[in-house]
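Have a look at structure-v3.txt; it's compact mmCIF, C-alpha atoms:
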```txt
# COMPACT_ATOMS: atom_id res chain seq x y z
CA MET A 12 -37.86 59.50 118.05
CA SER A 13 -34.45 58.67 116.68
CA ASN A 14 -32.86 60.78 119.41
CA GLN A 15 -34.63 58.81 122.11
CA ARG A 16 -33.69 55.56 120.43
CA ALA A 17 -30.04 56.58 120.31
CA TRP A 18 -30.08 57.33 124.03
CA ARG A 19 -31.55 53.91 124.74
CA MET A 20 -29.00 52.17 122.57
CA GLY A 21 -26.19 54.14 124.17
CA GLY A 22 -27.45 53.25 127.63
CA LEU A 23 -27.76 49.59 126.71
CA ALA A 24 -24.28 49.58 125.22
CA ALA A 25 -22.87 51.20 128.35
CA MET A 26 -24.69 48.67 130.56
CA PHE A 27 -23.45 45.79 128.40
CA PHE A 28 -19.92 47.18 128.58
CA MET A 29 -20.17 47.40 132.41
CA LEU A 30 -21.40 43.80 132.63
CA LEU A 31 -18.38 42.71 130.65
CA MET A 32 -16.04 44.63 132.97
CA ILE A 33 -17.40 43.33 136.30
CA PRO A 34 -15.44 40.06 136.22
CA GLY A 35 -12.28 42.07 135.60
CA PHE A 36 -12.95 44.27 138.63
CA ILE A 37 -13.59 41.20 140.76
CA ALA A 38 -10.37 39.63 139.55
CA LEU A 39 -8.44 42.80 140.38
CA ASN A 40 -9.86 42.67 143.88
CA GLU A 41 -8.67 39.08 144.37
CA ILE A 42 -5.04 39.65 143.38
CA PRO A 43 -2.98 39.27 146.56
CA ALA A 44 -0.66 42.07 147.56
CA PRO A 45 2.98 41.26 146.85
CA ALA A 46 4.63 39.61 149.85
CA GLN A 47 7.23 41.69 151.59
CA ALA A 48 10.67 40.13 151.73
CA ALA A 49 11.80 39.24 155.23
CA PRO A 50 13.97 41.99 156.70
CA THR A 51 16.32 39.33 158.10
CA THR A 52 17.66 36.74 155.67
CA VAL A 53 18.92 33.29 156.59
CA GLN A 54 22.47 34.41 155.77
CA ALA A 55 22.20 37.43 158.10
CA SER A 56 20.74 35.36 160.93
CA LEU A 57 23.40 32.69 160.41
CA ALA A 58 26.12 35.34 160.66
CA GLN A 59 24.51 36.59 163.87
CA MET A 60 24.39 33.07 165.36
CA ARG A 61 28.05 32.49 164.49
CA ALA A 62 29.01 35.80 166.07
CA ASP A 63 26.95 35.22 169.24
CA PHE A 64 28.00 31.57 169.68
CA PRO A 65 31.40 31.07 168.02
CA ALA A 66 32.09 27.80 169.87
CA GLY A 67 28.62 26.37 169.18
CA GLN A 68 28.07 23.92 166.35
CA ILE A 69 25.10 24.91 164.16
CA LEU A 70 23.38 21.71 163.04
CA THR A 71 20.22 22.88 161.24
CA VAL A 72 18.23 25.98 160.37
CA VAL A 73 14.59 25.89 159.29
CA PRO A 74 11.85 28.51 158.93
CA ASP A 75 9.26 28.03 161.66
CA VAL A 76 6.49 29.73 163.63
CA TYR A 77 7.04 30.41 167.33
CA HIS A 78 4.27 32.10 169.35
CA ARG A 79 2.63 33.45 166.17
CA ARG A 80 5.88 34.92 164.88
CA THR A 81 7.77 33.84 161.81
CA VAL A 82 11.22 32.74 162.94
CA TYR A 83 14.32 30.88 161.89
CA ARG A 84 14.81 27.89 164.22
CA TYR A 85 18.44 26.92 164.76
CA ARG A 86 19.52 23.65 166.32
CA VAL A 87 22.86 24.24 168.01
CA ARG A 88 25.21 21.99 169.98
CA THR A 89 27.14 23.90 172.66
CA ILE A 90 30.68 23.09 173.84
CA ASN A 91 29.38 20.90 176.68
CA GLY A 92 27.43 18.76 174.16
CA ARG A 93 23.93 20.03 174.98
CA LEU A 94 21.46 20.66 172.18
CA TRP A 95 19.48 23.92 172.01
CA HIS A 96 16.87 25.44 169.73
CA PHE A 97 17.35 29.16 169.10
CA TYR A 98 14.47 31.14 167.59
CA ILE A 99 15.39 34.29 165.63
CA ASP A 100 12.53 36.64 164.74
CA VAL A 101 12.45 37.28 160.99
CA LEU A 102 11.24 40.87 161.37
CA THR A 103 13.61 42.09 164.07
CA GLY A 104 16.56 39.74 163.63
CA ARG A 105 16.75 39.16 167.40
CA ILE A 106 16.88 35.91 169.32
CA ILE A 107 13.47 35.65 170.98
CA ALA A 108 13.87 32.25 172.66
CA ARG A 109 16.43 29.64 173.60
CA VAL A 110 14.96 26.24 174.43
CA PRO A 111 16.95 23.13 175.44
CA VAL A 112 16.27 20.04 173.36
CA ARG A 113 15.18 17.33 175.76
CA ALA A 114 17.16 14.11 175.61
CA ALA A 115 15.38 10.79 175.46
CA ALA A 116 14.98 8.83 178.70
CA GLY A 117 18.14 7.12 179.87
CA THR A 118 20.64 9.33 178.08
CA GLY A 119 22.49 10.78 181.03
CA ALA A 120 26.25 10.61 181.36
CA LEU A 121 26.59 7.04 180.06
CA SER A 122 23.22 6.25 181.72
CA GLY A 123 24.35 4.16 184.64
CA ALA A 124 27.55 3.02 182.97
CA ALA A 125 29.50 5.92 184.51
CA ALA A 126 29.48 4.15 187.86
CA ASN A 127 31.54 1.33 186.37
CA PRO A 128 33.54 2.45 183.31
CA ARG A 129 34.64 -1.16 182.72
CA SER A 130 31.07 -2.45 182.35
CA ARG A 131 29.88 -4.00 179.09
CA ARG A 132 27.51 -1.06 178.57
CA ALA A 133 30.36 1.47 178.89
CA GLN A 134 32.50 -0.61 176.52
CA ALA A 135 29.63 -0.73 174.00
CA ILE A 136 29.26 3.07 174.14
CA ARG A 137 33.01 3.62 173.69
CA LEU A 138 33.07 1.23 170.69
CA ALA A 139 30.04 2.90 169.09
CA ARG A 140 31.44 6.41 169.54
CA SER A 141 34.80 5.41 168.10
CA ALA A 142 33.09 3.74 165.13
CA VAL A 143 31.26 6.93 164.07
CA GLY A 144 33.63 9.57 165.45
CA GLY A 145 31.64 10.67 168.51
CA GLY A 146 28.09 11.78 169.09
CA GLN A 147 25.49 12.21 171.79
CA ILE A 148 23.91 9.05 173.23
CA VAL A 149 20.20 8.69 172.49
CA THR A 150 19.55 5.08 173.56
CA VAL A 151 21.50 1.98 174.51
CA GLU A 152 19.71 -1.36 174.20
CA THR A 153 20.66 -5.00 174.25
CA SER A 154 19.51 -7.41 171.61
CA SER A 155 17.19 -10.11 172.96
CA GLU A 156 18.07 -12.50 170.12
CA ASP A 157 21.45 -13.46 171.56
CA GLN A 158 20.76 -13.16 175.32
CA GLY A 159 22.09 -9.60 175.52
CA ARG A 160 25.54 -10.11 174.05
CA THR A 161 24.95 -7.55 171.30
CA TYR A 162 24.31 -3.89 172.10
CA VAL A 163 22.56 -1.40 169.82
CA VAL A 164 23.74 2.15 170.56
CA LYS A 165 21.82 5.01 168.95
CA LEU A 166 23.85 8.22 168.67
CA LEU A 167 23.00 11.72 167.46
CA LEU A 168 25.86 12.79 165.22
CA THR A 169 27.21 16.32 164.91
CA ASN A 170 25.57 16.76 161.48
CA GLY A 171 22.11 16.06 162.94
CA GLN A 172 21.84 12.50 161.63
CA TYR A 173 21.30 9.40 163.77
CA ALA A 174 23.58 6.37 163.82
CA ASN A 175 22.57 2.91 165.04
CA VAL A 176 25.73 1.00 165.93
CA HIS A 177 25.55 -2.74 166.66
CA VAL A 178 28.49 -3.90 168.81
CA ILE A 179 29.66 -6.90 170.84
CA PRO A 180 31.57 -5.32 173.73
CA LYS A 181 32.97 -8.63 175.03
CA LEU A 182 34.84 -9.13 171.75
CA SER A 183 35.40 -5.36 171.12
CA LYS A 184 33.76 -5.83 167.72
CA VAL A 185 31.55 -3.46 165.70
CA LEU A 186 29.01 -5.49 163.72
CA ALA A 187 27.14 -2.80 161.78
CA VAL A 188 26.66 0.96 161.49
CA GLN A 189 23.40 2.35 160.12
CA ILE A 190 23.15 6.09 159.41
CA GLY A 191 19.69 7.67 159.19
CA ARG A 192 18.30 11.17 158.75
CA ALA A 193 17.26 13.38 161.67
CA ASP A 194 13.78 12.79 163.08
CA ARG A 195 13.12 16.31 164.37
```
What does this structure look like when you write it as structure tokens?
Amino acid sequence: MSNQRAWRMGGLAAMFFMLLMIPGFIALNEIPAPAQAAPTTVQASLAQMRADFPAGQILTVVPDVYHRRTVYRYRVRTINGRLWHFYIDVLTGRIIARVPVRAAAGTGALSGAAANPRSRRAQAIRLARSAVGGGQIVTVETSSEDQGRTYVVKLLLTNGQYANVHVIPKLSKVLAVQIGRADR
């Protein structure tokens, strides 16, 4: 009888031991696999962008997803002043897309002011650009508070920030410059 009792006790001990181990096995199953490092680093992709576009001005780089691929998205200003988004695949290190950044409505070459470079609008744009050292025009508006004597020129600066410049073109006077962070 003692032999049979020992077998039962041994079986119960083994079963108890297994019950204690089950949570450990479940926990081992739930441990995520270590993430593989990206084959292409930001530094390597930046070197590639500088080599491929030496005259382009790289404004920003952010990790992104483009068509279900992990990419580095570069915002680049070309020599002619146009803005582009370049998408570099993290796995291959190749440029998979180049997309122009659309300008806001009314941001053409001085937006109607090119026809008459001596217009108040053209003077306001020249004053605003000289106040912040250049930039791409986003919007040009007149202030309704003073019957349109004050212009508010919004410019995209080369560092990716926006500048709102308040000017009075008739007096060739810059009233205020407000620098803000990039929206996109």
Contacts of Val53 in chain A at 12 Å or less, counting all atoms listed in the file, minus same-chain residues fewer than 6 places along, as a ChimeraX atom specification?
/A:59-60,71-74,82-85,99-102,104
Now that the selection is made, can you save its residues with C-alpha atoms as a CSV table (one decimal), in the frame of the given file?
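Printed below is out.csv as written:
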```csv
chain,number,residue,atom,x,y,z
A,59,GLN,CA,24.5,36.6,163.9
A,60,MET,CA,24.4,33.1,165.4
A,71,THR,CA,20.2,22.9,161.2
A,72,VAL,CA,18.2,26.0,160.4
A,73,VAL,CA,14.6,25.9,159.3
A,74,PRO,CA,11.8,28.5,158.9
A,82,VAL,CA,11.2,32.7,162.9
A,83,TYR,CA,14.3,30.9,161.9
A,84,ARG,CA,14.8,27.9,164.2
A,85,TYR,CA,18.4,26.9,164.8
A,99,ILE,CA,15.4,34.3,165.6
A,100,ASP,CA,12.5,36.6,164.7
A,101,VAL,CA,12.4,37.3,161.0
A,102,LEU,CA,11.2,40.9,161.4
A,104,GLY,CA,16.6,39.7,163.6
```
Neighbours of point (30.8, 25.6, 166.5) within 9 Å, using only C-alpha atoms, written as a PyMOL selection string:
chain A and resi 61+64-69+87-90
What separation in Å, quoted to one decimal, exists between CA of Tyr162 in chain A and CA of Ala133 in chain A?
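So the two atoms, CA of Tyr162 in chain A and CA of Ala133 in chain A, lie 10.6 Å apart.
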I'd like the box whose edges run along x, y and z of the file and which contains every listed atom of range 97-108 of chain A, padded by 4 Å per side; could you state its centre and edge lengths in Å, one decimal, as lines of an AutoDock Vina configuration file?
```
center_x = 14.3
center_y = 35.6
center_z = 166.8
size_x = 14.1
size_y = 20.9
size_z = 19.7
```
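Nearest to Gly144 in chain A of all the residues A:Val178, A:Val163, A:Leu168, A:Ala58 is A:Leu168, based on only C-alpha atoms.
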Report the distance between CA of Val112 in chain A and CA of Thr81 in chain A in Å, rounded to one decimal place.
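Between these atoms lies a distance of 19.9 Å.
Restricting the calculation to all atoms listed in the file, the smallest distance between Ala174 in chain A and any of A:Val110, A:Ala55, A:Ala142, A:Leu186 is found for A:Ala142.
Between CA of Pro50 in chain A and CA of Asn170 in chain A the interatomic distance comes to 28.2 Å.
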Set the distance at 12 Å and use all atoms listed in the file: which residues neighbour Arg137 in chain A once local chain neighbours fewer than 5 positions away are removed? I'd like the list as a list in words.
Leu121, Ala124, Ala125, Pro128, Arg129, Ser130, Arg131, Arg132, Ala142, Val143, Gly144, Gly145, Gly146, Gln147, Ile148, Val151, Tyr162, Val164, Leu166, Val176, Val178, Ile179, Pro180, Ser183, Lys184 and Val185 of chain A
